Every structure is written in C-alpha cells, then in structure tokens.
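Chemist: Got a structure for you, my_file-v1.cif, holding mmCIF, C-alpha atoms.
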```cif
data_data
#
loop_
_atom_site.label_atom_id
_atom_site.label_comp_id
_atom_site.auth_asym_id
_atom_site.auth_seq_id
_atom_site.Cartn_x
_atom_site.Cartn_y
_atom_site.Cartn_z
CA MET A 1 137.92 -20.86 -4.21
CA SER A 2 137.74 -23.33 -7.05
CA ASN A 3 139.66 -20.92 -9.26
CA GLN A 4 142.51 -20.77 -6.78
CA LEU A 5 142.55 -24.52 -6.50
CA HIS A 6 142.73 -24.83 -10.24
CA GLN A 7 145.66 -22.44 -10.50
CA THR A 8 147.75 -24.27 -7.96
CA VAL A 9 147.12 -27.52 -9.77
CA VAL A 10 148.26 -26.21 -13.12
CA GLU A 11 151.58 -25.03 -11.69
CA THR A 12 153.32 -28.37 -11.89
CA ASP A 13 152.83 -31.28 -14.21
CA VAL A 14 153.26 -33.80 -11.41
CA ASP A 15 150.36 -32.37 -9.44
CA ASN A 16 148.29 -32.22 -12.61
CA ASP A 17 148.91 -35.88 -13.38
CA PHE A 18 148.12 -36.86 -9.85
CA GLU A 19 144.79 -35.04 -9.87
CA LYS A 20 143.96 -36.57 -13.22
CA GLN A 21 144.63 -40.06 -11.92
CA ILE A 22 142.41 -39.47 -8.92
CA ASN A 23 139.62 -38.21 -11.14
CA VAL A 24 139.98 -41.17 -13.47
CA SER A 25 139.82 -43.64 -10.58
CA CYS A 26 136.80 -41.93 -9.04
CA LEU A 27 134.97 -42.03 -12.34
CA GLU A 28 135.80 -45.70 -12.76
CA TYR A 29 134.49 -46.56 -9.27
CA LEU A 30 131.32 -44.60 -9.93
CA LEU A 31 130.77 -46.39 -13.23
CA MET A 32 131.31 -49.74 -11.52
CA GLU A 33 128.83 -48.79 -8.83
CA LEU A 34 126.15 -48.34 -11.51
CA GLY A 35 125.68 -52.11 -11.73
CA PRO A 36 124.98 -52.78 -8.03
CA LEU A 37 122.88 -49.59 -7.86
CA ALA A 38 120.54 -50.83 -10.58
CA LEU A 39 120.36 -54.25 -8.91
CA ARG A 40 119.50 -52.72 -5.53
CA ILE A 41 116.75 -50.58 -7.01
CA THR A 42 115.26 -53.54 -8.87
CA ASP A 43 115.47 -55.64 -5.74
CA LYS A 44 113.73 -52.96 -3.71
CA LEU A 45 111.03 -52.53 -6.34
CA GLU A 46 110.35 -56.26 -6.44
CA LYS A 47 110.24 -56.60 -2.66
CA TYR A 48 108.01 -53.59 -2.39
CA SER A 49 105.53 -54.79 -5.00
CA SER A 50 105.40 -58.32 -3.56
CA SER A 51 104.95 -57.08 0.02
CA SER A 52 102.27 -54.59 -0.94
CA THR A 53 100.25 -57.31 -2.68
CA ARG A 54 100.59 -59.64 0.30
CA GLU A 55 99.45 -57.18 2.95
CA SER A 56 97.50 -54.62 1.03
CA ASN A 57 95.85 -53.17 4.14
CA GLY A 58 98.46 -54.03 6.77
CA SER A 59 100.96 -51.76 8.49
CA GLY A 60 102.92 -50.60 5.46
CA ASN A 61 105.09 -48.14 7.38
CA GLY A 62 106.93 -50.53 9.64
CA ASN A 63 107.59 -52.83 6.74
CA ASP A 64 109.21 -50.07 4.75
CA ASN A 65 111.74 -49.27 7.45
CA LYS A 66 112.77 -52.89 7.72
CA GLN A 67 113.45 -53.09 3.99
CA VAL A 68 115.68 -50.04 4.03
CA ASP A 69 117.75 -51.68 6.77
CA ASP A 70 118.23 -54.75 4.61
CA PHE A 71 120.46 -52.85 2.20
CA HIS A 72 124.21 -53.23 2.37
CA TYR A 73 125.55 -50.22 0.58
CA GLY A 74 128.74 -50.99 -1.28
CA GLY A 75 128.16 -54.74 -1.08
CA VAL A 76 128.22 -56.86 -4.20
CA GLU A 77 126.41 -59.97 -2.92
CA LEU A 78 123.48 -59.06 -5.15
CA PHE A 79 125.61 -60.18 -8.11
CA GLN A 80 125.14 -63.76 -6.90
CA ASN A 81 121.39 -63.53 -7.42
CA GLU A 82 121.12 -64.85 -10.99
CA SER A 83 117.46 -64.07 -11.61
CA LEU A 84 118.04 -60.50 -10.44
CA VAL A 85 121.04 -59.91 -12.73
CA SER A 86 119.16 -61.17 -15.78
CA ASN A 87 116.05 -59.17 -14.83
CA GLU A 88 114.76 -57.08 -17.71
CA ILE A 89 113.94 -54.12 -15.45
CA ASN A 90 117.48 -53.43 -14.36
CA ASN A 91 118.88 -53.91 -17.87
CA GLN A 92 116.41 -51.30 -19.01
CA MET A 93 117.43 -49.07 -16.11
CA LEU A 94 121.13 -49.20 -16.96
CA ASP A 95 120.30 -48.56 -20.59
CA ASN A 96 118.37 -45.51 -19.49
CA PHE A 97 121.23 -44.24 -17.29
CA GLY A 98 123.50 -44.42 -20.33
CA PHE A 99 120.89 -42.80 -22.54
CA GLN A 100 120.57 -39.76 -20.29
CA ILE A 101 124.35 -39.43 -19.97
CA GLY A 102 124.91 -39.78 -23.72
CA LYS A 103 122.34 -37.13 -24.50
CA ILE A 104 124.05 -34.56 -22.30
CA LEU A 105 127.62 -35.63 -23.05
CA ILE A 106 127.42 -35.10 -26.81
CA GLU A 107 126.18 -31.55 -26.39
CA GLN A 108 129.07 -30.79 -24.02
CA LEU A 109 131.63 -32.41 -26.32
CA ILE A 110 130.55 -30.57 -29.44
CA PHE A 111 130.60 -27.36 -27.44
CA LEU A 112 134.11 -27.96 -26.09
CA LYS A 113 135.54 -29.20 -29.38
CA ASN A 114 134.57 -26.09 -31.32
CA ASP A 115 135.51 -23.49 -28.72
CA GLY A 116 132.00 -22.70 -27.68
CA ILE A 117 130.28 -22.89 -31.03
CA SER A 118 127.81 -25.69 -31.60
CA THR A 119 128.10 -26.89 -35.16
CA LYS A 120 125.67 -28.96 -37.12
CA MET A 121 126.34 -32.52 -38.12
CA ASP A 122 124.24 -34.34 -40.70
CA GLU A 123 126.58 -37.24 -41.53
CA ILE A 124 126.13 -40.25 -39.30
CA LEU A 125 129.72 -41.33 -39.95
CA ASP A 126 130.94 -38.10 -38.34
CA ILE A 127 128.86 -38.83 -35.27
CA MET A 128 130.18 -42.39 -35.12
CA LYS A 129 133.72 -41.01 -35.24
CA ILE A 130 132.92 -38.70 -32.35
CA ILE A 131 131.51 -41.62 -30.38
CA ALA A 132 134.58 -43.73 -31.10
CA ARG A 133 137.10 -41.01 -30.33
CA ASP A 134 135.71 -38.44 -27.92
CA VAL A 135 132.79 -40.01 -26.11
CA TRP A 136 134.70 -43.20 -25.36
CA LYS A 137 137.75 -41.24 -24.32
CA MET A 138 135.67 -39.20 -21.91
CA ILE A 139 133.97 -42.16 -20.24
CA TYR A 140 136.57 -44.93 -20.51
CA GLN A 141 139.84 -42.97 -21.06
CA LYS A 142 140.50 -44.91 -24.26
CA GLN A 143 139.30 -44.80 -27.82
CA ILE A 144 137.39 -47.48 -29.68
CA ASP A 145 139.97 -49.65 -31.45
CA ASN A 146 138.14 -50.35 -34.65
CA LEU A 147 135.23 -48.80 -36.51
CA ARG A 148 133.70 -50.71 -39.40
CA THR A 149 130.76 -49.83 -41.59
CA ASN A 150 129.03 -51.19 -44.67
CA HIS A 151 127.96 -47.62 -45.63
CA ARG A 152 124.33 -48.75 -45.53
CA GLY A 153 123.51 -47.90 -41.95
CA THR A 154 125.27 -50.69 -40.08
CA PHE A 155 128.27 -49.89 -37.93
CA VAL A 156 130.44 -52.15 -35.83
CA LEU A 157 132.54 -50.62 -33.08
CA ILE A 158 135.19 -52.94 -31.66
CA ASP A 159 136.66 -52.26 -28.24
CA ASN A 160 139.54 -54.67 -27.59
CA SER A 161 139.59 -54.14 -23.84
CA HIS A 162 136.53 -52.63 -22.21
CA ARG A 163 137.80 -50.59 -19.29
CA LEU A 164 135.39 -52.07 -16.73
CA ILE A 165 135.07 -55.60 -18.08
CA SER A 166 138.74 -56.30 -18.87
CA SER A 167 139.53 -56.18 -15.14
CA MET A 168 136.91 -58.84 -14.31
CA TYR A 169 137.81 -62.48 -13.82
CA GLY A 170 136.01 -65.65 -12.83
CA PRO A 171 133.11 -67.75 -14.06
CA ASP A 172 130.56 -64.96 -13.56
CA LYS A 173 132.33 -62.58 -15.92
CA HIS A 174 129.99 -63.12 -18.84
CA ARG A 175 126.85 -62.78 -16.75
CA ILE A 176 127.85 -59.63 -14.87
CA SER A 177 129.47 -57.88 -17.83
CA GLY A 178 126.06 -57.76 -19.49
CA LEU A 179 125.02 -55.06 -17.01
CA TYR A 180 127.85 -52.75 -18.03
CA LEU A 181 127.39 -53.45 -21.72
CA ASN A 182 123.79 -52.29 -21.39
CA PHE A 183 125.10 -49.01 -20.03
CA SER A 184 127.52 -48.58 -22.95
CA CYS A 185 124.74 -49.33 -25.45
CA GLY A 186 122.59 -46.72 -23.73
CA VAL A 187 125.32 -44.10 -24.13
CA ILE A 188 125.56 -44.78 -27.86
CA LYS A 189 121.78 -44.59 -28.21
CA GLY A 190 121.64 -41.34 -26.28
CA VAL A 191 124.29 -39.71 -28.43
CA LEU A 192 122.56 -40.82 -31.64
CA ASN A 193 119.16 -39.72 -30.35
CA GLN A 194 120.43 -36.23 -29.61
CA SER A 195 121.88 -36.09 -33.16
CA ALA A 196 118.46 -36.98 -34.66
CA PHE A 197 119.21 -40.63 -35.45
CA LYS A 198 117.43 -43.70 -34.15
CA ALA A 199 119.32 -46.94 -33.88
CA ASN A 200 119.30 -50.44 -32.47
CA VAL A 201 122.48 -51.11 -30.52
CA GLU A 202 123.63 -54.53 -29.41
CA ALA A 203 126.80 -55.41 -27.56
CA ASP A 204 128.53 -58.77 -27.65
CA LEU A 205 131.39 -59.93 -25.44
CA LYS A 206 133.66 -62.23 -27.43
CA SER A 207 135.75 -65.01 -25.93
CA ASP A 208 138.98 -63.05 -26.42
CA GLY A 209 137.65 -60.26 -24.19
CA SER A 210 136.85 -57.78 -26.96
CA VAL A 211 133.45 -56.14 -27.15
CA HIS A 212 131.61 -55.71 -30.45
CA TYR A 213 128.89 -53.06 -30.61
CA THR A 214 126.60 -53.53 -33.58
CA ILE A 215 124.65 -50.41 -34.46
CA VAL A 216 121.84 -50.57 -37.00
CA VAL A 217 120.40 -47.19 -37.88
CA ILE A 218 116.68 -47.28 -38.48
CA MET B 219 114.21 -0.80 -27.90
CA SER B 220 112.92 -4.09 -26.54
CA TYR B 221 113.92 -7.70 -26.78
CA TYR B 222 112.21 -10.99 -26.08
CA LEU B 223 114.18 -14.23 -25.66
CA ALA B 224 112.57 -17.65 -25.84
CA VAL B 225 114.20 -21.07 -25.54
CA ILE B 226 112.11 -23.68 -27.32
CA GLY B 227 112.68 -27.38 -26.66
CA THR B 228 112.81 -30.27 -29.09
CA MET B 229 109.09 -30.95 -28.74
CA ASP B 230 108.29 -27.28 -29.50
CA ASN B 231 107.71 -26.73 -25.81
CA PRO B 232 108.77 -23.44 -24.22
CA ILE B 233 111.61 -23.85 -21.76
CA TYR B 234 112.58 -20.32 -20.84
CA GLU B 235 111.27 -16.85 -21.63
CA LEU B 236 112.55 -13.39 -20.83
CA GLU B 237 111.45 -9.93 -21.82
CA PHE B 238 113.94 -7.11 -21.49
CA GLY B 239 114.98 -3.78 -22.89
CA THR B 240 118.25 -2.29 -24.06
CA PHE B 241 120.87 -0.88 -21.73
CA LYS B 242 122.57 1.12 -24.47
CA GLN B 243 122.17 4.92 -24.74
CA GLN B 244 121.30 5.52 -21.10
CA ASN B 245 118.36 3.15 -21.10
CA ASN B 246 117.55 1.25 -17.93
CA GLY B 247 116.71 -2.16 -19.38
CA LYS B 248 112.95 -1.73 -19.17
CA SER B 249 111.13 -3.23 -22.12
CA LEU B 250 108.68 -1.03 -23.98
CA LEU B 251 106.47 -3.85 -25.24
CA ASN B 252 102.84 -3.25 -24.43
CA GLN B 253 100.37 -5.79 -23.13
CA LYS B 254 98.85 -6.49 -26.53
CA GLN B 255 102.23 -7.26 -28.10
CA LEU B 256 103.25 -9.44 -25.18
CA GLU B 257 100.19 -11.60 -25.70
CA LEU B 258 100.98 -11.88 -29.38
CA ILE B 259 104.70 -12.71 -29.13
CA PRO B 260 104.38 -16.39 -28.11
CA PHE B 261 102.21 -16.94 -31.20
CA ILE B 262 104.72 -15.17 -33.43
CA ILE B 263 107.57 -17.25 -32.09
CA ASN B 264 105.70 -20.53 -32.39
CA SER B 265 104.52 -19.82 -35.91
CA SER B 266 108.11 -19.05 -36.92
CA LEU B 267 109.21 -22.56 -35.87
CA ASP B 268 107.98 -23.87 -39.23
CA LEU B 269 110.36 -21.53 -41.01
CA ILE B 270 113.28 -22.71 -38.90
CA GLU B 271 112.51 -26.32 -39.63
CA ASP B 272 112.61 -25.53 -43.35
CA LEU B 273 115.82 -23.56 -43.11
CA GLN B 274 117.76 -25.90 -40.86
CA TRP B 275 117.88 -28.69 -43.44
CA LYS B 276 118.47 -26.36 -46.38
CA PHE B 277 121.62 -24.69 -45.10
CA ASN B 278 124.53 -26.14 -43.24
CA LYS B 279 124.56 -23.58 -40.48
CA ASN B 280 122.84 -23.08 -37.18
CA TYR B 281 122.50 -19.33 -36.85
CA PHE B 282 119.71 -17.68 -38.81
CA LYS B 283 119.45 -13.93 -38.53
CA ASN B 284 116.27 -11.99 -39.33
CA TYR B 285 114.53 -15.08 -40.67
CA ASP B 286 111.08 -13.74 -39.82
CA ASN B 287 109.45 -10.43 -39.00
CA PHE B 288 106.22 -8.98 -37.79
CA ASN B 289 104.59 -5.58 -37.47
CA ASN B 290 105.78 -4.51 -40.95
CA ASN B 291 109.43 -5.38 -40.44
CA PHE B 292 109.53 -3.46 -37.19
CA TYR B 293 110.33 -6.57 -35.18
CA LYS B 294 112.71 -9.24 -36.43
CA LEU B 295 113.43 -12.75 -35.23
CA SER B 296 116.85 -14.40 -35.04
CA CYS B 297 117.47 -17.98 -34.09
CA TYR B 298 120.35 -20.11 -32.92
CA LEU B 299 120.07 -23.90 -33.00
CA THR B 300 122.06 -25.92 -30.50
CA PHE B 301 123.43 -29.35 -31.39
CA GLY B 302 120.52 -31.07 -29.69
CA ASN B 303 117.99 -29.01 -31.67
CA MET B 304 117.08 -26.55 -28.94
CA LYS B 305 115.96 -23.29 -30.49
CA LEU B 306 117.16 -20.05 -28.96
CA ILE B 307 114.94 -17.37 -30.47
CA LEU B 308 115.39 -13.65 -29.97
CA LEU B 309 112.82 -11.10 -31.02
CA HIS B 310 114.42 -7.71 -31.62
CA GLN B 311 114.12 -4.47 -33.48
CA LEU B 312 116.50 -3.80 -36.33
CA ASP B 313 118.04 -0.41 -35.87
CA ASP B 314 120.48 0.86 -38.48
CA ASN B 315 121.96 3.41 -36.08
CA LEU B 316 122.75 0.83 -33.44
CA LYS B 317 124.40 -1.81 -35.64
CA ASN B 318 123.38 -4.55 -33.22
CA ASP B 319 123.74 -7.45 -35.70
CA ASP B 320 126.99 -8.79 -34.26
CA ASN B 321 125.85 -8.19 -30.72
CA ILE B 322 122.73 -10.28 -31.25
CA LYS B 323 124.81 -13.12 -32.66
CA GLN B 324 127.24 -12.91 -29.77
CA PHE B 325 124.38 -12.76 -27.29
CA LEU B 326 122.83 -15.97 -28.63
CA PHE B 327 126.24 -17.70 -28.59
CA GLU B 328 126.60 -16.86 -24.92
CA ILE B 329 123.08 -18.08 -24.14
CA ASN B 330 124.06 -21.35 -25.81
CA GLU B 331 127.02 -21.59 -23.45
CA LEU B 332 124.77 -20.97 -20.44
CA TYR B 333 122.37 -23.62 -21.68
CA VAL B 334 125.16 -26.18 -22.12
CA LYS B 335 126.29 -25.44 -18.58
CA THR B 336 122.73 -25.93 -17.32
CA MET B 337 122.72 -29.36 -18.91
CA LEU B 338 125.70 -30.35 -16.79
CA ASN B 339 123.39 -30.33 -13.78
CA PRO B 340 122.51 -33.97 -13.08
CA PHE B 341 119.07 -32.96 -11.83
CA TYR B 342 118.19 -31.25 -15.08
CA ASN B 343 116.61 -33.30 -17.86
CA VAL B 344 116.47 -32.34 -21.51
CA ASN B 345 113.26 -30.43 -22.37
CA GLU B 346 112.55 -29.53 -18.76
CA LYS B 347 111.69 -25.95 -17.85
CA ILE B 348 114.70 -23.96 -16.62
CA LYS B 349 113.68 -22.63 -13.22
CA SER B 350 117.18 -21.88 -11.93
CA GLU B 351 117.54 -18.34 -10.60
CA ALA B 352 121.26 -18.43 -11.36
CA PHE B 353 120.51 -19.03 -15.04
CA ASP B 354 118.06 -16.12 -15.01
CA LEU B 355 120.61 -13.77 -13.47
CA LYS B 356 123.33 -14.82 -15.88
CA VAL B 357 121.07 -14.31 -18.90
CA LYS B 358 120.27 -10.83 -17.63
CA ALA B 359 123.98 -10.12 -17.17
CA VAL B 360 124.72 -11.25 -20.73
CA ALA B 361 121.86 -9.10 -21.99
CA ARG B 362 123.28 -6.08 -20.18
CA LYS B 363 126.68 -6.75 -21.73
CA TYR B 364 125.64 -7.06 -25.37
CA LEU B 365 122.22 -5.53 -25.93
#
```
So, in terms of structure tokens, how does the structure I just supplied come out?
Modeler:
Amino acid sequence: MSNQLHQTVVETDVDNDFEKQINVSCLEYLLMELGPLALRITDKLEKYSSSSTRESNGSGNGNDNKQVDDFHYGGVELFQNESLVSNEINNQMLDNFGFQIGKILIEQLIFLKNDGISTKMDEILDIMKIIARDVWKMIYQKQIDNLRTNHRGTFVLIDNSHRLISSMYGPDKHRISGLYLNFSCGVIKGVLNQSAFKANVEADLKSDGSVHYTIVVI
Amino acid sequence: MSYYLAVIGTMDNPIYELEFGTFKQQNNGKSLLNQKQLELIPFIINSSLDLIEDLQWKFNKNYFKNYDNFNNNFYKLSCYLTFGNMKLILLHQLDDNLKNDDNIKQFLFEINELYVKTMLNPFYNVNEKIKSEAFDLKVKAVARKYL
C-alpha cells in the first residue's frame, strides 16, 4: 500500500513538492507543540504532587478525573503562566526530548549518508559539520549559517533565523523561545553523546533574532 | 555449521541473541551447538569485548573479521560496530570450502540496517532489549539469505 502511494507521488514533481510541503508543515507544528506539551506535563505533575500532599488519605480517584478534564489540548494559555515557563522541570524535559531525538537521528543520518554503511568518526569537527548541515536540515529545513571554533574544544554555531523562533512576535518572545532553545540544545547534546563526546551546550537569543549555540566539549 | 548472533549495547548489556544453523548445502537451519557450548558462548562473547575496545581505537574501521577464536580456531568471532557503538557479534565456523567471508560481512551489514530501522520506532530506547517479533523474523530471513 505504502509502496504504491510512494510511486504515484514520484511521478510528478508538483505532487512531490506538495507532499514535501505538507510534511514540513506537520513537522513544524509538532515541534511547536513540544513546548505546550512539556508545560502541560509539568503543570499536571505539580498539581498532582500538591493535591496528594494535601489529601494523602482522601478520595484520590475522583480528584484525578477532575484534573484530566482541566486540560485544554491545543491551547496555549499555559504560556501566560510565568513561573511555569521558567520551571526547571520542563526545561529539563524539553532538553531530554531533544537528547533522545538527537541520539537516534545521528545514527539514521550516518546510515543514509553512506548508503547503508555506518562509518566511524573520531574528529569532533566532522560531527559539528554534520550537526550544522544535516541534523539542522532534517529538523529545521535549513542549515546553520555560521560555524566557528577555537580548535580547543569550543564551538559556536550561529543560526540567523531559528525556524520556530523567527516567526514569534510580541513581548513574550524572549521568555517563550527559551523552551525551544532547550530542545535544540538537547538535540546537539544527544548527537554528541552518541558520538562519544560530552559537552555543555548553551543557547543565547540575540537582539537581532539570531541564536548562538555555545558548545564546550568536556 | 552453526552460527550465534549477539547484539551488545553500549553498556556491555546484551540486547538480542539468536542461535541458528546454515541453510546452505541442503541444511535446514538447525544449529548443531550442544548444551555445553551454548552455556559457554555468552562468556566467550563478553570476554571478546575487551579485544574490540582495543581494536576500535587502533584502526579506523568498524568491521573486524575473525578477531577472536575459541575451541582451537574452530569457532571464530566477527564484529561490526555501529555508529553509536552497538556491537553486532557473530560467532561462526571458518570453512575454506564454503568461502563465507563476504557473506558474513554482508550479513552483519544487513543486521545493522535492521537495527537502524528498529531505532526509528519512537517507543524503542537505546540499549533496550529488542523484543519485536518482526525484527526476529527479519534477522532469520537475512540469515537464510546469506548464511
């Protein structure tokens, strides 16, 4: 079934482009949804822990159902809750999402790049190049604009327009963008971890809208 | 002629194991390993991990053929390292008549492909045991094709 579908799509370039655009948009929406998802989980965890301490031997079951009903799936009103957005738990969670994705993504990419043969890579600069070119292209449909290094284990990746953040406007931009930057940092960490490197990654949103990732290899 | 495939994770934890025989020369794929050997094989494979860790940083390659042996060279071990340092180890007999060197290499390459595809599953985490029946069937199909 899927094979047939694939064949019909390849027939014309127009169809191919159209499918690609749909895929790209879907991926972008899913990535955007990561932020609210992490917030909702953190919110639920906090409510759950506070309610369980308050009524430790009360009717826990009925309370649970009520909390599930409180959720508005697809809503973004949680972004207004400042203490929740800056909560350490959900930053860690987004970092972890990225970490898991990065770990798997690099293995796929190396596999695809070399026609099914996994090669070995010892040079960290090679891995940085793969992050800048292939990993970023796969997640954000664009490459990193600038890669700088001091050749002593510090790398700076500069992304002039982050795909998710560049479309954000308003006074909350700086606060909310932190969620998505955590995810990007996690991806970089995951890729490096799978290539046997450990690194501290920090992201910084500059006033001109560019994002600087500073990677210090330990 | 018998084979034994083990996938070893990054923490030296076993992830997948399969014992099978050859399908070449009118064989039916039954392994001829006896109980005593089967008990010994996990030890052989785990003790050979030290050798791999030496070799992997010495040479810039990720396929090591016949890097270890046991039972007086009767059984040999070949290993393929994936990018994420998963070790695909195959225990096999070296038979000059069969010329199965290339087949073993090709077999491990295909197992690598199956493993990469397994990783695409969002419910699978790195270093988790592979319990998927589909993976098992595909490995057996690849074994039938090459070995």
Chemist: So which residues touch region 253-267 of chain B within 9 Å, counting only C-alpha atoms, skipping near sequence neighbours fewer than 4 positions away, as a PyMOL selection string?
Modeler: chain B and resi 222+224+226+230+237+271-272+285-288+295+305+307-309
Chemist: For the provided coordinates, the residues matched by the PyMOL selection byres ((chain B) within 12 of (chain A)) should be stated as a VMD selection string.
Modeler: chain B and resid 228 274 to 281 298 to 304 323 to 324 326 to 345
Chemist: Identify, on the basis of all atoms listed in the file, every residue whose closest approach to Ser249 (chain B) does not exceed 8 Å; exclude the query and any residue fewer than 6 positions from it along the same chain; express the result as a VMD selection string.
Modeler: chain B and resid 219 to 221 237 to 240
Chemist: Please enumerate the residues selected by the PyMOL selection byres ((chain A and resi 159) around 8) when evaluated against the supplied file, formatted as a count of residues only.
Modeler: 12
Chemist: Expand the PyMOL selection byres ((chain A and resi 163-179) around 10) into the individual residues it matches in the shown file, reporting them as a VMD selection string.
Modeler: chain A and resid 28 to 29 31 to 32 34 to 36 38 to 39 79 to 80 82 85 to 86 90 to 95 139 to 142 159 to 162 180 to 184 203 to 207 209 to 211
Chemist: Put those residues in a file: C-alpha atoms, as a short mmCIF file (atom, residue, chain, number, x, y, z; two decimals), in the coordinates of the input.
Modeler:
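File written: selection19.cif
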```cif
data_model
loop_
_atom_site.label_atom_id
_atom_site.label_comp_id
_atom_site.auth_asym_id
_atom_site.auth_seq_id
_atom_site.Cartn_x
_atom_site.Cartn_y
_atom_site.Cartn_z
CA GLU A 28 135.80 -45.70 -12.76
CA TYR A 29 134.49 -46.56 -9.27
CA LEU A 31 130.77 -46.39 -13.23
CA MET A 32 131.31 -49.74 -11.52
CA LEU A 34 126.15 -48.34 -11.51
CA GLY A 35 125.68 -52.11 -11.73
CA PRO A 36 124.98 -52.78 -8.03
CA ALA A 38 120.54 -50.83 -10.58
CA LEU A 39 120.36 -54.25 -8.91
CA PHE A 79 125.61 -60.18 -8.11
CA GLN A 80 125.14 -63.76 -6.90
CA GLU A 82 121.12 -64.85 -10.99
CA VAL A 85 121.04 -59.91 -12.73
CA SER A 86 119.16 -61.17 -15.78
CA ASN A 90 117.48 -53.43 -14.36
CA ASN A 91 118.88 -53.91 -17.87
CA GLN A 92 116.41 -51.30 -19.01
CA MET A 93 117.43 -49.07 -16.11
CA LEU A 94 121.13 -49.20 -16.96
CA ASP A 95 120.30 -48.56 -20.59
CA ILE A 139 133.97 -42.16 -20.24
CA TYR A 140 136.57 -44.93 -20.51
CA GLN A 141 139.84 -42.97 -21.06
CA LYS A 142 140.50 -44.91 -24.26
CA ASP A 159 136.66 -52.26 -28.24
CA ASN A 160 139.54 -54.67 -27.59
CA SER A 161 139.59 -54.14 -23.84
CA HIS A 162 136.53 -52.63 -22.21
CA TYR A 180 127.85 -52.75 -18.03
CA LEU A 181 127.39 -53.45 -21.72
CA ASN A 182 123.79 -52.29 -21.39
CA PHE A 183 125.10 -49.01 -20.03
CA SER A 184 127.52 -48.58 -22.95
CA ALA A 203 126.80 -55.41 -27.56
CA ASP A 204 128.53 -58.77 -27.65
CA LEU A 205 131.39 -59.93 -25.44
CA LYS A 206 133.66 -62.23 -27.43
CA SER A 207 135.75 -65.01 -25.93
CA GLY A 209 137.65 -60.26 -24.19
CA SER A 210 136.85 -57.78 -26.96
CA VAL A 211 133.45 -56.14 -27.15
#
```
Chemist: In Å, with one decimal, what is the gap from CA of Lys189 (chain A) to CA of Asn96 (chain A)?
Modeler: 9.4 Å
Chemist: Expressed in Å to a single decimal, how great is the separation between CA of Asn87 (chain A) and CA of Asp43 (chain A)?
Modeler: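 Those two atoms sit 9.8 Å apart.
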Chemist: CA of Val217 (chain A) and CA of Asn200 (chain A), how far apart in Å?
Modeler: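 Computing the Euclidean distance for CA of Asn200 (chain A) and CA of Val217 (chain A) yields 6.4 Å.
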Chemist: Would you list the contacts of Ile322 (chain B) as a compact mmCIF listing (two decimals) with C-alpha atoms, keeping the file's coordinate frame, taking every protein, DNA or RNA residue within 8 Å and counting only C-alpha atoms, but skipping same-chain residues closer than 4 positions in sequence?
Modeler:
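Wrote part_0.txt, looks like this:
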```
# COMPACT_ATOMS: atom_id res chain seq x y z
CA ASN B 318 123.38 -4.55 -33.22
CA LEU B 326 122.83 -15.97 -28.63
CA TYR B 364 125.64 -7.06 -25.37
CA LEU B 365 122.22 -5.53 -25.93
```
Chemist: I want to know what sits within 6 Å of Val156 (chain A), based on all atoms listed in the file, with residues of the same chain fewer than 4 positions away left out; could you give that as a list in words?
Modeler: Leu147, Arg148, Tyr213 and Thr214 of chain A
Chemist: Nearest to Lys358 (chain B) among B:Leu251, B:Leu223, B:Leu273, B:Leu312, with distances taken over all atoms listed in the file: which residue is it?
Modeler: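 Between B:Leu251, B:Leu223, B:Leu273, B:Leu312, the residue approaching Lys358 (chain B) most closely is B:Leu223.
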